[in-house]
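K.L.:
To start, I am sharing the structure in question, which I have written as structure tokens.
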Amino acid sequence: MKAVVTVTLKSGVLDPQGKAIQSALGSLGFDGVGSIRQGKIFEIDIAETDPARAASELKDMAEKLLANMVIENYRVELVQGMDE
Amino acid sequence: MKSAVIVFPGSNRDRDMIAALEKISGHAPATVWHADTDIPPVDLIVLPGGFSYGDYLRSGAIAARAPIMRAVAERAAAGVPVLGVCNGFQILCEAGLLPGMLMRNASLRFVCREVLLRIETTQSIFTDRYRQGEIIRCPVAHGDGNYRVDEATLARLKDEDRVAFRYAGASAGGGNPNGSIDAIAGILNDRRNVLGMMPHPENLIEPLQGGTDGRRLFESVLERIAA
């Protein structure tokens, strides 16, 4: 089964990288950008085929390693493969 | 005093730390590889600076899950002093041995210079040879030193006198080099036997390095161990 885990900064956490990207977009002429928050996406292939068990395993992965819960939130999405 | 330095792929301040420990304690520290699962009996465990695993995912995140970290956590729980400097601090936070985490510097720039540190507590095995409120010099060299922690934990750190060092002075030759919350440069765990700090005391231990302000940190531990 394929899954996507998206990790984003919690609101209120300052994102200096997002600010730098926003200012670079400004210098490219994109003036309408209010704010940018940079995050991470993990595309994961796992052997588990039961959606509930897969979701719980992915939650565990996110909390133990993929996200740092001090500053980040995460979202798990299961993506069925084309052959399934 | 017997000590051990934990070496990860990408550690690069391990030799400075080994040299400092040997000069000050008279004993060469054991070096322990990240893939090992046991640490010899020692009085002090040190996680040195560097860029373990190329800072992949987050600084210290992969190293914090290395096999040796289970042994580090067990020794820390048993009361053995554990010092994490720079990347070592990042690893201790990622491993949950210290609260909070180190984000990208607010300036987005790697900062490599000397800073001023205020000794915020002398109530620890690492700081009792300093004077309360004393300002010392210490070098920093990091890109991710911006300490972040939630408000409740920050209040707890302050209430429990667990802020070991703050960046001090005005921006010329001092100041907060990375945007850390409350100018925090180093913190202790609740048992006060685990210290994480971004500055490098091991790089200011003899006159050839331009000063000796970092030396008393190691002498503090040495004295306690001998006592």
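Order determines the names: the first chain of the structure tokens is A, the second B, and so forth; residues in each chain are numbered 1 upward, and ligands are numbered 1 upward as they are shown.
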Using only C-alpha atoms, select each residue of chain B with any atom at most 8 Å away from an atom of chain A, and give the selection as a list in words.
P.N.:
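Here they are: Leu57, Ala61, Glu94, Gly100, Met101, Arg104, Asn105, Ala106, Ser107, Leu108, Arg148, Val149 and Asp150 of chain B.
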K.L.:
Could you give me, as a compact mmCIF listing (two decimals) with C-alpha atoms, in the first residue's frame, the residues within 8 Å of region 183-199 of chain B, counting only C-alpha atoms and dropping anything in the same chain fewer than 3 positions from it?
P.N.:
```txt
# COMPACT_ATOMS: atom_id res chain seq x y z
CA ALA B 76 21.27 9.07 31.74
CA GLY B 79 22.32 9.36 36.74
CA VAL B 80 25.49 9.30 34.62
CA PRO B 81 26.34 12.85 33.43
CA VAL B 82 25.65 13.31 29.71
CA LEU B 83 26.87 16.39 27.82
CA GLY B 84 25.65 17.23 24.31
CA VAL B 85 27.39 20.07 22.47
CA CYS B 86 25.97 21.60 19.26
CA ASN B 87 24.85 18.59 17.19
CA GLY B 88 24.98 16.67 20.47
CA PHE B 89 22.37 19.08 21.91
CA GLN B 90 20.22 18.60 18.80
CA LEU B 92 19.55 14.92 22.90
CA LEU B 97 16.35 13.35 26.73
CA LEU B 98 15.93 17.13 26.73
CA PRO B 99 12.76 19.11 25.92
CA LEU B 117 27.26 33.41 27.76
CA SER B 124 24.63 21.40 38.25
CA ILE B 125 27.52 19.03 37.92
CA PHE B 126 28.59 20.98 34.82
CA CYS B 138 32.52 30.76 24.12
CA PRO B 139 32.61 30.00 20.39
CA VAL B 140 29.54 28.91 18.42
CA ALA B 141 29.41 27.31 14.96
CA HIS B 142 25.96 26.22 13.83
CA GLY B 145 20.71 26.64 16.97
CA TYR B 147 15.98 26.83 20.47
CA LEU B 157 12.48 25.16 32.66
CA GLU B 160 13.02 24.55 37.92
CA ARG B 162 17.10 24.40 34.31
CA VAL B 163 18.34 27.12 31.95
CA ALA B 164 22.10 26.63 32.24
CA PHE B 165 23.28 29.39 29.87
CA ARG B 166 21.80 32.37 28.02
CA TYR B 167 23.38 34.41 25.26
CA ALA B 168 24.43 37.72 26.81
CA ASN B 176 21.60 36.13 20.59
CA GLY B 179 17.02 33.75 17.59
CA SER B 180 16.63 31.20 20.41
```
K.L.:
Extract, using only C-alpha atoms, all DNA, RNA and protein residues at most 7 Å from region 211-217 of chain B, discarding same-chain residues fewer than 2 positions from it, and format them as a PDB file with C-alpha atoms, in the first residue's frame.
P.N.:
```pdb
ATOM      1  CA  PHE B 126      28.590  20.980  34.818  1.00  0.00           C
ATOM      2  CA  THR B 127      28.487  24.546  36.090  1.00  0.00           C
ATOM      3  CA  ARG B 129      32.939  25.937  39.118  1.00  0.00           C
ATOM      4  CA  TYR B 130      31.418  29.076  37.571  1.00  0.00           C
ATOM      5  CA  ILE B 136      32.035  33.938  29.848  1.00  0.00           C
ATOM      6  CA  ARG B 137      33.255  33.817  26.256  1.00  0.00           C
ATOM      7  CA  CYS B 138      32.520  30.763  24.123  1.00  0.00           C
ATOM      8  CA  PRO B 201      33.314  24.905  25.582  1.00  0.00           C
ATOM      9  CA  GLU B 202      35.826  22.325  24.321  1.00  0.00           C
ATOM     10  CA  LEU B 204      38.230  27.388  24.694  1.00  0.00           C
ATOM     11  CA  ILE B 205      40.253  25.374  27.187  1.00  0.00           C
ATOM     12  CA  GLU B 206      43.826  26.649  26.789  1.00  0.00           C
ATOM     13  CA  PRO B 207      45.551  29.989  26.092  1.00  0.00           C
ATOM     14  CA  GLN B 209      42.844  28.872  21.709  1.00  0.00           C
ATOM     15  CA  GLU B 219      36.676  20.771  35.698  1.00  0.00           C
ATOM     16  CA  SER B 220      33.270  20.978  37.394  1.00  0.00           C
ATOM     17  CA  VAL B 221      32.453  17.436  36.296  1.00  0.00           C
TER      18      VAL B 221
END
```
K.L.:
Using only C-alpha atoms, pick whichever of A:Val33, A:Ile44, A:Leu25, A:Asn73 has the shortest atom-to-atom distance to Gly12 (chain A).
P.N.:
A:Asn73
K.L.:
Would you mind writing down, as an NGL selection string, each residue of region 1-78 of chain A that DSSP on the backbone assigns to strand (DSSP E)?
P.N.:
:A and (2-9 or 40-45 or 72-78)
K.L.:
Write out as a count of residues only all residues of region 38-217 of chain B that DSSP puts in alpha helix (DSSP H) for this structure's backbone.
P.N.:
30
